[in-house]
Protein chains: 6
Amino acid sequence: MNLTPLLPLIYEPLVRTALLEDLGRAGDITADAIVPADRRASLVLRARQSGVVAGLDIARCAFQLVNPAIRLDAERPDGSVVAPGDVIAIIEGPACALLTGERTALNFLCHLSGVATATASLVAAAQGTKARIVCTRKTTPGLRALEKYAVRAGGGSNHRFGLDDAVLIKDNHIALAGSIRTAIERAKAHAGHLVKIEVEVDTLVQLDQALATGVDAVLLDNMTVAQLREAVTMTGDRAITEASGRITGETAKAIAATGVDLISAGWLTHSSAALDIGLDYPEFSSAGN
Amino acid sequence: MNLTPLLPLIYEPLVRTALLEDLGRAGDITADAIVPADRRASLVLRARQSGVVAGLDIARCAFQLVNPAIRLDAERPDGSVVAPGDVIAIIEGPACALLTGERTALNFLCHLSGVATATASLVAAAQGTKARIVCTRKTTPGLRALEKYAVRAGGGSNHRFGLDDAVLIKDNHIALAGSIRTAIERAKAHAGHLVKIEVEVDTLVQLDQALATGVDAVLLDNMTVAQLREAVTMTGDRAITEASGRITGETAKAIAATGVDLISAGWLTHSSAALDIGLDYPEFSSAGN
Amino acid sequence: MNLTPLLPLIYEPLVRTALLEDLGRAGDITADAIVPADRRASLVLRARQSGVVAGLDIARCAFQLVNPAIRLDAERPDGSVVAPGDVIAIIEGPACALLTGERTALNFLCHLSGVATATASLVAAAQGTKARIVCTRKTTPGLRALEKYAVRAGGGSNHRFGLDDAVLIKDNHIALAGSIRTAIERAKAHAGHLVKIEVEVDTLVQLDQALATGVDAVLLDNMTVAQLREAVTMTGDRAITEASGRITGETAKAIAATGVDLISAGWLTHSSAALDIGLDYPEFSSAGN
Amino acid sequence: MNLTPLLPLIYEPLVRTALLEDLGRAGDITADAIVPADRRASLVLRARQSGVVAGLDIARCAFQLVNPAIRLDAERPDGSVVAPGDVIAIIEGPACALLTGERTALNFLCHLSGVATATASLVAAAQGTKARIVCTRKTTPGLRALEKYAVRAGGGSNHRFGLDDAVLIKDNHIALAGSIRTAIERAKAHAGHLVKIEVEVDTLVQLDQALATGVDAVLLDNMTVAQLREAVTMTGDRAITEASGRITGETAKAIAATGVDLISAGWLTHSSAALDIGLDYPEFSSAGN
Amino acid sequence: MNLTPLLPLIYEPLVRTALLEDLGRAGDITADAIVPADRRASLVLRARQSGVVAGLDIARCAFQLVNPAIRLDAERPDGSVVAPGDVIAIIEGPACALLTGERTALNFLCHLSGVATATASLVAAAQGTKARIVCTRKTTPGLRALEKYAVRAGGGSNHRFGLDDAVLIKDNHIALAGSIRTAIERAKAHAGHLVKIEVEVDTLVQLDQALATGVDAVLLDNMTVAQLREAVTMTGDRAITEASGRITGETAKAIAATGVDLISAGWLTHSSAALDIGLDYPEFSSAGN
Amino acid sequence: MNLTPLLPLIYEPLVRTALLEDLGRAGDITADAIVPADRRASLVLRARQSGVVAGLDIARCAFQLVNPAIRLDAERPDGSVVAPGDVIAIIEGPACALLTGERTALNFLCHLSGVATATASLVAAAQGTKARIVCTRKTTPGLRALEKYAVRAGGGSNHRFGLDDAVLIKDNHIALAGSIRTAIERAKAHAGHLVKIEVEVDTLVQLDQALATGVDAVLLDNMTVAQLREAVTMTGDRAITEASGRITGETAKAIAATGVDLISAGWLTHSSAALDIGLDYPEFSSAGN
């Protein structure tokens with residue numbers, strides 16, 4: 001996979017906010033009281049579940065905003081598939097700062113790896129077909145750029161990033177315009193030349209109207225596998241086809257086999273479980289207590 | 001239930017950020033092109049799953065930041081249990097603004113209601129015992145105050161809000177201090193008089209040491225039900241007891257029955273699925289296509 | 001024209017920043033010292049040059065952030081063509097606040113109206129052809145969304161809004177990729193399904209390569225009118241054609257006549273002069289001195 | 001010239017905002033897809049027009065916020081006069097980051113150099129006289145400190161920076177006060193001891209009143225050359241004299257010759273064209289295609 | 001007194017920050033738990049010490065950011081002299097919100113009233129002379145605009161607001177320049193025409209040098225009353241004279257009598273005690289316990 | 001003493017704000033004009049009064065945000081007791097930047113050292129008893145975390161940091177609840193398990209009620225020494241005892257001797273005078289002028 005890293009300009013403010021949310025006004029009163037100032041430690045980030053890693057740069061940023069002397073060396077970079085027990089990264093630095101930063105670092109890493117892992121499960125289901133897995137705008141408030149990145153780390157692609165970078169005409173827009181044709185024509189009249197237009201259709205009749213008016217993509221919403229197959233045939237290469245609605249690991253295989261170009265699933269970003277990743281302090285294991 | 005609303009001072013900046021994340025630089029190019037400026041609409045927020053509502057004030061804020069003329073009237077306020085089909089709220093205002101704000105409003109509402117619903121499921125499992133369900137610091141970056149609120153809406157209680165408002169001594173702190181006793185004593189020497197001290201113990205031996213040194217609460221981590229029962233007996237009223245690790249709807253009942261004061265589960269905030277809530281535009285239903 | 005207003009969510013922070021930049025730490029020490037607190041005034045915003053108005057909502061916002069009691073009633077809304085002497089708006093409110101806010105309000109209004117006016121001059125030159133006038137990313141730092149809006153107010157269209165909402169492959173990308181074909185193929189492999197791809201070509205040979213590989217649009221850079229005509233013929237409807245380089249009111253007519261779809265000009269946003277708009281205080285005119 | 005650099009504390013937030021405005025949520029999707037991660041490049045910033053350079057530190061900041069490994073070595077520092085073809089700076093670093101940062105860097109540099117160049121043209125016109133060229137508060141929203149700096153780089157001086165650092169009594173203040181005398185007296189009664197007072201006068205009668213009351217400076221607005229000459233004589237060394245209104249390269253020489261101390265022109269900051277500065281990638285020139 | 005109110009644009013962000021500093025992530029857990037949601041209350045802001053009021057608008061803003069339904073009616077507006085027991089304002093609204101906002105409101109009000117009161121004490125000492133009392137840049141970080149306002153409310157005047165609005169040449173500048181003359185000449189060469197120049201002198205020899213070079217004001221630092229008297233005579237009306245150093249209520253009278261124009265004291269803003277102002281809830285007084 | 005440093009994440013934004021408040025839009029126009037760009041200097045931070053140092057990291061941050069090349073080497077770290085003439089730190093770097101940063105650095109350092117010094121005076125008065133000195137929420141807006149830190153540097157402890165980290169039931173809460181018992185019970189029902197509950201009592205009758213209901217701490221407000229002694233006896237080890245009201249260096253000794261656990265004083269943070277700390281430029285002393 002060819003995963004382009006996010007720029008710190010984009011994620012650093014989020015990491016800073018998350019750290020301050022955890023530190024409050026008084027900072028880490030536990031570690032500050034207990035951990036000797038000169039102790040160093042190294043810790044191992046280890047997968048406790050199978051999944052796909054996403055967010056190591058962001059975790060490193062969290063540690064380094066607490067103390068720039070912390071190093072995080074990735075053993076399995078973002079996009080790697082990991083099994084339980086696999087070492088993801090080694091982290092080394094002042095012990096107190098490591099303890100202060102670890103929860104925030106993990107909150108980002110486990111959440112994003114969860115999104116990547118969910119995506120990878122659908123990607124696997126669609127393997128052998130041309131269908132790409134895409135996410136939606138149903139993202140966690142404040143984390144859209146990061147979750148979209150995690151979808152890419154999981155092998156998926158991104159749908160539009162917001163309301164402003166592509167036109168997506170939905171049922172309510174159509175109802176307010178009066179007809180699919182009117183809605184599409186108004187969108188074409190306003191859209192810049194680099195803006196694509198997609199329209200949601202619920203029936204093959206609507207699909208026919210949309211294709212007749214001309215659009216870049218059609219979102220085939222909640223159709224059965226049989227309907228999807230017919231929709232793909234009807235569409236030919238007049239538009240990109242996207243299937244959505246009730247996408248699970250089980251249904252994705254059959255849907256992908258219909259020949260659609262894209263399968264989109266909101267739950268990748270709004271309902272995927274965090275990946276379980278642990279932080280072990282190997283040097284303390286012998287220390288006992 | 002007695003649920004105190006969050007102050008807009010706390011959540012409005014988050015809502016603003018989330019809206020700008022969706023609007024980008026150009027705003028809602030779909031609705032702007034298609035929806036006549038003078039059209040009004042009303043829409044119905046309706047549960048599609050059973051669950052507990054949380055976040056209506058925040059959803060209202062999202063709509064009103066797009067256009068202050070939008071009204072949201074809650075039919076089932078935060079904390080309400082809803083069944084599929086139940087009307088949660090009626091929203092009314094300029095149609096274009098409604099369409100622009102709906103995704104951001106729902107992203108908050110569905111996520112927070114998902115957290116409340118997950119919490120309520122554990123609360124139900126613990127019913128008839130004194131065990132309270134509490135969340136952890138394993139929250140979504142940027143949303144801690146909101147997710148903690150959602151836990152309360154689901155009938156749960158909150159653990160500490162961050163690193164600064166209570167001392168929680170974990171295994172790594174103990175390893176770095178050399179012993180439980182040393183760790184607790186250092187914490188006591190530093191902590192303000194209104195700061196409570198909790199210590200994580202993995203064994204009954206550690207529990208004994210902790211109680212001997214004196215703490216406000218003990219976190220009984222990953223213990224079996226039998227161990228928990230013994231731990232509760234050992235502790236008596238010398239400390240609050242909290243069980244954590246592998247808490248599910250299935251295990252919670254037995255754990256609650258051990259007599260622990262608290263059951264904490266990180267997944268309430270990091271891995272609960274969004275509650276499925278739909279937005280219907282009743283007045284368009286007759287408009288067809 | 002059908003000009004959708006910008007949301008205050010987008011421009012209000014910019015207006016606030018601009019006001020604070022002018023107010024500094026001490027505020028308006030001139031008006032505060034001189035103007036009686038209870039005086040009200042009304043002022044007339046009047047064109048001193050021919051042009052197109054853009055930015056009235058933003059000017060109103062500037063006044064109302066100083067004092068919410070100020071009213072601004074637009075006589076010629078954004079997008080209107082005005083001649084010298086035309087009344088653009090009537091503004092009424094506490095005199096001191098009007099004086100405090102007027103410079104910031106005008107700085108926005110005159111700049112944006114300047115951009116709209118420059119755009120309208122090119123739109124006029126292209127009249128009778130299908131060519132649309134578009135702006136570029138050569139915008140004033142911090143004001144991109146507003147300047148893009150002003151271009152629309154002037155009858156133009158918008159090119160991409162930033163590096164993230166469309167692919168534009170330029171000469172340096174091609175040089176680094178090794179060939180046009182490689183550059184386009186890499187872009188296609190990465191781009192989401194709603195992202196269009198445009199490529200800059202300097203020669204007809206490059207154009208042929210780009211069209212053979214397949215792109216959504218071609219940017220014909222610095223070509224002569226004869227070359228443009230040939231490029232349009234070669235392209236047919238395989239791609240959108242955009243002419244750029246040395247676009248002026250004089251050259252635009254001939255370029256538009258070549259049949260290109262778009263004419264883009266960076267100077268609309270980076271070098272257009274402010275439109276001269278005056279603020280008259282009619283009620284003081286009789287006051288003399 | 002003795003040009004003091006601006007502190008990064010002042011400009012870095014603006015550069016950050018401008019970069020994020022360009023990067024959006026997804027970053028540079030073109031360069032990220034096309035440019036190999038390990039390619040380095042060097043580029044040459046070269047004047048394509050005659051003018052005065054301003055903003056190199058800010059351009060460097062833009063590149064380094066994208067990637068701190070980028071170096072920018074100034075060949076012609078801010079304030080230098082350049083001719084077409086002159087090398088202004090050499091920039092070296094990772095190729096992808098250079099492409100990502102270049103537009104934002106140039107947007108600042110070309111705009112500020114345009115302001116400096118316009119200023120230098122008036123400074124040249126006034127050469128041989130004592131008249132200094134000054135800018136006004138008619139600046140681009142958000143960029144005042146930078147544009148004021150660019151005026152200094154062009155050999156000009158700065159008028160007040162905002163409403164709070166000097167008193168400037170204009171016609172409307174006078175109308176609201178009832179008389180020039182009253183306006184000046186109120187200003188004197190309120191102003192701190194380090195605040196200077198300037199008053200705008202349109203006629204020699206008003207000038208006489210102002211001088212009689214006592215002010216630090218007089219703004220002679222829209223006077224003819226003959227009136228200016230008489231005003232300078234009347235004023236003697238009782239006040240600083242500033243001419244404003246209809247200042248161009250053509251009129252400035254004659255106005256400067258009247259003996260005024262200052263000539264102010266709003267268009268230096270609101271209407272000067274960007275200086276044309278190109279970025280060449282010399283190492284790619286042999287790469288062809 | 002003629003006290004111009006500060007604009008909310010300037011102080012509202014500070015009030016918001018202060019409230020969030022107090023509310024943390026969980027808000028007011030005491031009032032939220034205890035106070036019935038529908039209870040209203042009115043409270044009386046009453047002086048417990050003699051002093052001068054400053055900051056009522058800011059206190060109102062604090063309450064209204066918690067709940068816009070709160071009203072604050074000023075009985076003794078800013079600048080009023082109050083005696084123990086005097087009612088300063090009546091505040092009315094939802095009881096819970098009043099309790100939540102009161103500490104932040106009082107923290108601003110008592111601090112600013114303390115500054116105003118300290119200022120008024122020096123103003124009283126200087127009564128009957130022409131000496132004005134001025135503050136310095138020794139202000140509390142983040143609160144300069146507010147403390148400068150409080151000085152005005154106490155009858156004082158403001159020195160410069162920052163490093164950028166006037167030149168103040170101190171001993172170290174002189175040492176680095178090599179001589180007073182060089183320092184002043186460099187300052188004059190750089191300063192804009194509306195910038196005044198003041199120079200600190202420790203001896204009459206230095207004063208003579210400064211006056212010979214020409215400055216707008218001289219800061220007579222740590223001089224005896226006799227030296228000050230001589231300095232005033234030497235200076236005549238060639239410059240404004242400012243005395244500083246060891247200014248107290250006791251020394252101010254004699255210093256003012258020397259004929260200096262200004263007396264400056266850093267402690268007005270960095271060391272004045274908060275004015276004791278109490279909040280009484282009259283309606284509860286009968287409630288007993 | 002064992003003083004944990006504050007994290008730069010917490011204080012750097014405050015320092016940045018304070019510097020920009022001083023620099024305004026134009027920066028340090030005095031030093032920029034006068035000080036040669038290549039001059040370096042070293043300066044000595046020296047106590048002019050006896051006291052306790054607090055804030056050296058923050059002062060260093062202020063200098064380094066102006067110019068990262070400045071070094072500050074602490075001779076007497078935070079928490080040190082200093083006498084007049086003691087060297088606190090040596091600072092070295094570019095002379096112009098030193099002059100630009102010194103006022104902001106000192107404003108933080110002198111204020112925080114003043115708080116630490118005031119605290120230390122009460123700590124000294126309570127020596128030999130178990131009473132700890134604590135601060136309150138009566139802090140300077142925006143500086144709470146720093147002032148709480150300064151109290152620790154002075155040997156004191158911190159009360160709660162805000163409204164959200166502990167319950168403190170005051171007279172008005174009790175009045176609104178109807179009784180102490182009701183107020184405490186409501187608080188217990190809502191508070192998380194790591195939240196302590198303190199209640200303010202004015203009389204021994206109230207104390208008895210509070211203890212009977214059960215609380216973690218009692219605030220004995222404005223009691224006489226005799227009452228305090230009796231309250232301590234009544235309380236035993238059922239609760240922590242805190243004395244407040246009219247605490248001065250004189251009264252603190254007797255109050256501490258009553259056996260209370262804590263003595264709290266708002267004036268430590270709202271009314272302590274800045275510690276007088278001077279900056280000497282030793283290398284210039286021979287330069288004369």
# chains A, B, ... in the order shown; residues from 1 in each chain; ligands from 1
call {"tool": "interface_residues", "arguments": {"of": "chain F", "to": "chain C", "cutoff": "10 Å", "atoms": "only C-alpha atoms", "output": "PyMOL selection string"}}
result
chain F and resi 21-22+24-25
call {"tool": "write_last_selection", "arguments": {"atoms": "N, CA and C atoms", "output": "compact mmCIF listing (two decimals), in the first residue's frame"}}
result
# COMPACT_ATOMS: atom_id res chain seq x y z
N GLU F 21 0.29 40.79 23.52
CA GLU F 21 -0.36 41.93 24.17
C GLU F 21 0.63 43.10 24.29
N ASP F 22 1.90 42.78 24.47
CA ASP F 22 2.91 43.83 24.63
C ASP F 22 3.46 44.29 23.27
N GLY F 24 1.92 44.20 20.31
CA GLY F 24 0.95 44.84 19.43
C GLY F 24 1.19 44.44 17.98
N ARG F 25 0.94 45.39 17.08
CA ARG F 25 1.09 45.08 15.65
C ARG F 25 2.47 45.41 15.14
call {"tool": "select_by_dssp", "arguments": {"residues": "segment 49-277 of chain B", "states": "helix (DSSP H, G or I)", "output": "number ranges by chain"}}
result
B: 56-66, 95-125, 144-153, 171-177, 180-190, 204-213, 225-235, 249-256, 267-270
call {"tool": "residues_around", "arguments": {"residues": "Arg160 of chain E", "least_positions_apart": "2", "cutoff": "12 Å", "atoms": "only C-alpha atoms", "output": "mmCIF file with N, CA and C atoms, in the first residue's frame"}}
result
data_model
loop_
_atom_site.group_PDB
_atom_site.id
_atom_site.type_symbol
_atom_site.label_atom_id
_atom_site.label_comp_id
_atom_site.auth_asym_id
_atom_site.auth_seq_id
_atom_site.Cartn_x
_atom_site.Cartn_y
_atom_site.Cartn_z
ATOM 1 N N ARG C 25 -5.458 47.484 21.658
ATOM 2 C CA ARG C 25 -5.779 47.282 23.066
ATOM 3 C C ARG C 25 -6.662 48.373 23.623
ATOM 4 N N ALA C 26 -6.656 49.536 22.987
ATOM 5 C CA ALA C 26 -7.331 50.688 23.591
ATOM 6 C C ALA C 26 -8.613 51.083 22.877
ATOM 7 N N ASP D 164 -6.176 52.874 17.873
ATOM 8 C CA ASP D 164 -5.829 53.063 19.274
ATOM 9 C C ASP D 164 -4.476 53.702 19.542
ATOM 10 N N ASP D 165 -3.639 53.900 18.511
ATOM 11 C CA ASP D 165 -2.288 54.379 18.831
ATOM 12 C C ASP D 165 -2.041 55.826 18.445
ATOM 13 N N ALA D 166 -3.031 56.495 17.925
ATOM 14 C CA ALA D 166 -2.925 57.935 17.671
ATOM 15 C C ALA D 166 -4.336 58.430 17.410
ATOM 16 N N ALA D 191 -6.605 62.092 25.597
ATOM 17 C CA ALA D 191 -5.448 61.345 25.083
ATOM 18 C C ALA D 191 -4.350 61.217 26.125
ATOM 19 N N GLY D 192 -3.699 60.087 26.134
ATOM 20 C CA GLY D 192 -2.534 59.904 26.979
ATOM 21 C C GLY D 192 -1.394 60.805 26.516
ATOM 22 N N HIS D 193 -0.392 60.944 27.379
ATOM 23 C CA HIS D 193 0.667 61.915 27.075
ATOM 24 C C HIS D 193 1.564 61.467 25.931
ATOM 25 N N LEU D 194 1.502 60.190 25.545
ATOM 26 C CA LEU D 194 2.333 59.743 24.438
ATOM 27 C C LEU D 194 1.526 59.562 23.153
ATOM 28 N N VAL D 195 0.313 60.122 23.139
ATOM 29 C CA VAL D 195 -0.545 59.993 21.966
ATOM 30 C C VAL D 195 -0.537 61.311 21.197
ATOM 31 N N LYS D 196 -0.219 61.228 19.899
ATOM 32 C CA LYS D 196 -0.256 62.442 19.091
ATOM 33 C C LYS D 196 -1.632 62.639 18.481
ATOM 34 N N VAL E 134 -0.385 58.027 36.089
ATOM 35 C CA VAL E 134 -0.402 57.082 34.967
ATOM 36 C C VAL E 134 0.161 55.721 35.392
ATOM 37 N N CYS E 135 -0.305 54.699 34.682
ATOM 38 C CA CYS E 135 0.160 53.339 34.935
ATOM 39 C C CYS E 135 1.280 52.997 33.952
ATOM 40 N N THR E 136 1.789 51.790 34.050
ATOM 41 C CA THR E 136 2.929 51.377 33.241
ATOM 42 C C THR E 136 2.599 50.095 32.474
ATOM 43 N N ARG E 137 3.630 49.440 31.936
ATOM 44 C CA ARG E 137 3.459 48.140 31.276
ATOM 45 C C ARG E 137 3.641 46.994 32.273
ATOM 46 N N LYS E 138 3.754 47.307 33.544
ATOM 47 C CA LYS E 138 3.877 46.264 34.577
ATOM 48 C C LYS E 138 2.481 45.763 34.948
ATOM 49 N N THR E 139 1.846 45.105 33.984
ATOM 50 C CA THR E 139 0.466 44.679 34.163
ATOM 51 C C THR E 139 0.403 43.161 34.306
ATOM 52 N N ARG E 144 -3.949 43.446 30.198
ATOM 53 C CA ARG E 144 -3.497 44.834 30.081
ATOM 54 C C ARG E 144 -4.617 45.799 29.710
ATOM 55 N N ALA E 145 -5.404 45.470 28.704
ATOM 56 C CA ALA E 145 -6.446 46.419 28.288
ATOM 57 C C ALA E 145 -7.417 46.699 29.428
ATOM 58 N N LYS E 148 -5.652 48.838 32.212
ATOM 59 C CA LYS E 148 -5.517 50.226 31.756
ATOM 60 C C LYS E 148 -6.866 50.940 31.869
ATOM 61 N N SER E 157 -4.595 58.271 34.041
ATOM 62 C CA SER E 157 -4.407 58.248 32.600
ATOM 63 C C SER E 157 -3.519 57.061 32.254
ATOM 64 N N ASN E 158 -3.433 56.793 30.962
ATOM 65 C CA ASN E 158 -2.637 55.652 30.536
ATOM 66 C C ASN E 158 -1.329 56.078 29.893
ATOM 67 N N GLY E 162 1.855 49.375 24.939
ATOM 68 C CA GLY E 162 2.747 48.266 24.639
ATOM 69 C C GLY E 162 4.033 48.794 24.037
ATOM 70 N N LEU E 163 4.810 47.868 23.538
ATOM 71 C CA LEU E 163 6.107 48.222 22.970
ATOM 72 C C LEU E 163 5.972 48.942 21.646
ATOM 73 N N ASP E 164 4.796 48.964 21.091
ATOM 74 C CA ASP E 164 4.655 49.401 19.701
ATOM 75 C C ASP E 164 3.987 50.748 19.499
ATOM 76 N N ASP E 165 3.460 51.362 20.533
ATOM 77 C CA ASP E 165 2.688 52.576 20.277
ATOM 78 C C ASP E 165 3.379 53.858 20.732
ATOM 79 N N ALA E 166 4.564 53.741 21.271
ATOM 80 C CA ALA E 166 5.353 54.925 21.606
ATOM 81 C C ALA E 166 6.764 54.433 21.865
ATOM 82 N N VAL E 167 7.717 55.337 21.722
ATOM 83 C CA VAL E 167 9.113 54.998 22.008
ATOM 84 C C VAL E 167 9.430 55.428 23.435
ATOM 85 N N LEU E 168 9.960 54.492 24.207
ATOM 86 C CA LEU E 168 10.431 54.838 25.540
ATOM 87 C C LEU E 168 11.861 54.316 25.671
ATOM 88 N N VAL E 195 4.260 58.940 16.298
ATOM 89 C CA VAL E 195 4.834 58.253 17.452
ATOM 90 C C VAL E 195 5.637 59.242 18.285
ATOM 91 N N LYS E 196 5.300 59.308 19.567
ATOM 92 C CA LYS E 196 6.062 60.197 20.441
ATOM 93 C C LYS E 196 7.259 59.460 21.033
ATOM 94 N N ILE E 197 8.238 60.242 21.441
ATOM 95 C CA ILE E 197 9.482 59.683 21.977
ATOM 96 C C ILE E 197 9.705 60.224 23.390
ATOM 97 N N GLU E 198 9.862 59.274 24.300
ATOM 98 C CA GLU E 198 10.163 59.642 25.687
ATOM 99 C C GLU E 198 11.486 58.994 26.056
ATOM 100 N N SER E 264 4.051 58.237 37.462
ATOM 101 C CA SER E 264 3.719 56.868 37.061
ATOM 102 C C SER E 264 4.098 55.889 38.156
ATOM 103 N N ASP F 22 1.902 42.781 24.465
ATOM 104 C CA ASP F 22 2.907 43.826 24.628
ATOM 105 C C ASP F 22 3.465 44.285 23.271
ATOM 106 N N LEU F 23 3.582 43.356 22.344
ATOM 107 C CA LEU F 23 4.180 43.674 21.048
ATOM 108 C C LEU F 23 3.223 44.406 20.120
ATOM 109 N N GLY F 24 1.923 44.199 20.307
ATOM 110 C CA GLY F 24 0.948 44.838 19.432
ATOM 111 C C GLY F 24 1.190 44.440 17.983
#
call {"tool": "select_by_dssp", "arguments": {"residues": "segment 160-256 of chain F", "states": "strand (DSSP E)", "output": "list in words"}}
result
Val167, Leu168, Ile169, Ile197, Glu198, Val199, Glu200, Val201, Ala217, Val218, Leu219, Leu220, Asp221, Ile240, Thr241, Glu242, Ala243 and Ser244 of chain F
call {"tool": "write_last_selection", "arguments": {"atoms": "N, CA and C atoms", "output": "short mmCIF file (atom, residue, chain, number, x, y, z; two decimals), in the first residue's frame"}}
result
data_model
loop_
_atom_site.label_atom_id
_atom_site.label_comp_id
_atom_site.auth_asym_id
_atom_site.auth_seq_id
_atom_site.Cartn_x
_atom_site.Cartn_y
_atom_site.Cartn_z
N VAL F 167 -16.72 19.11 45.35
CA VAL F 167 -17.95 19.80 45.76
C VAL F 167 -17.64 20.67 46.96
N LEU F 168 -18.00 21.92 46.87
CA LEU F 168 -17.89 22.80 48.03
C LEU F 168 -19.24 23.49 48.21
N ILE F 169 -19.92 23.09 49.27
CA ILE F 169 -21.27 23.58 49.53
C ILE F 169 -21.17 24.82 50.42
N ILE F 197 -16.43 15.92 49.12
CA ILE F 197 -17.47 16.90 49.44
C ILE F 197 -17.07 17.67 50.69
N GLU F 198 -17.04 18.98 50.52
CA GLU F 198 -16.74 19.86 51.66
C GLU F 198 -17.93 20.78 51.84
N VAL F 199 -18.16 21.15 53.09
CA VAL F 199 -19.29 22.04 53.34
C VAL F 199 -18.83 23.19 54.24
N GLU F 200 -19.30 24.37 53.90
CA GLU F 200 -18.97 25.57 54.68
C GLU F 200 -19.94 25.68 55.84
N VAL F 201 -19.41 25.86 57.04
CA VAL F 201 -20.29 26.06 58.20
C VAL F 201 -19.85 27.33 58.93
N ALA F 217 -14.90 17.11 54.30
CA ALA F 217 -14.20 18.26 54.87
C ALA F 217 -15.20 19.31 55.28
N VAL F 218 -14.81 20.10 56.26
CA VAL F 218 -15.64 21.22 56.69
C VAL F 218 -14.84 22.51 56.63
N LEU F 219 -15.46 23.52 56.06
CA LEU F 219 -14.83 24.84 55.98
C LEU F 219 -15.40 25.68 57.12
N LEU F 220 -14.59 25.99 58.06
CA LEU F 220 -15.01 26.73 59.25
C LEU F 220 -14.80 28.20 58.95
N ASP F 221 -15.89 28.89 58.61
CA ASP F 221 -15.75 30.22 58.03
C ASP F 221 -15.86 31.31 59.08
N ILE F 240 -11.87 16.51 57.46
CA ILE F 240 -10.76 17.46 57.40
C ILE F 240 -11.32 18.82 57.81
N THR F 241 -10.54 19.58 58.58
CA THR F 241 -11.01 20.91 59.00
C THR F 241 -10.21 22.00 58.30
N GLU F 242 -10.93 22.99 57.79
CA GLU F 242 -10.31 24.11 57.08
C GLU F 242 -10.81 25.40 57.71
N ALA F 243 -9.89 26.25 58.10
CA ALA F 243 -10.26 27.57 58.63
C ALA F 243 -10.10 28.61 57.53
N SER F 244 -11.08 29.53 57.46
CA SER F 244 -10.92 30.61 56.48
C SER F 244 -11.49 31.89 57.03
#
call {"tool": "residues_around", "arguments": {"residues": "Cys96 of chain B", "least_positions_apart": "3", "cutoff": "12 Å", "atoms": "only C-alpha atoms", "output": "VMD selection string"}}
result
(chain A and resid 172 to 173 176 to 177) or (chain B and resid 27 to 42 63 66 to 67 69 to 70 92 to 93 99 to 102) or (chain C and resid 4 to 5 7)
call {"tool": "residues_around", "arguments": {"residues": "Leu9 of chain E", "least_positions_apart": "5", "cutoff": "8 Å", "atoms": "only C-alpha atoms", "output": "ChimeraX atom specification"}}
result
/C:16,20,65-66
call {"tool": "write_last_selection", "arguments": {"atoms": "C-alpha atoms", "output": "compact mmCIF listing (two decimals), in the first residue's frame"}}
result
# COMPACT_ATOMS: atom_id res chain seq x y z
CA ARG C 16 -13.60 39.70 14.32
CA LEU C 20 -9.34 43.58 16.69
CA LEU C 65 -19.74 43.18 16.02
CA VAL C 66 -18.94 46.71 17.17
call {"tool": "atom_distance", "arguments": {"atom1": "atom CA of Gln206 of chain D", "atom2": "atom CA of Arg181 of chain D"}}
result
9.7 Å
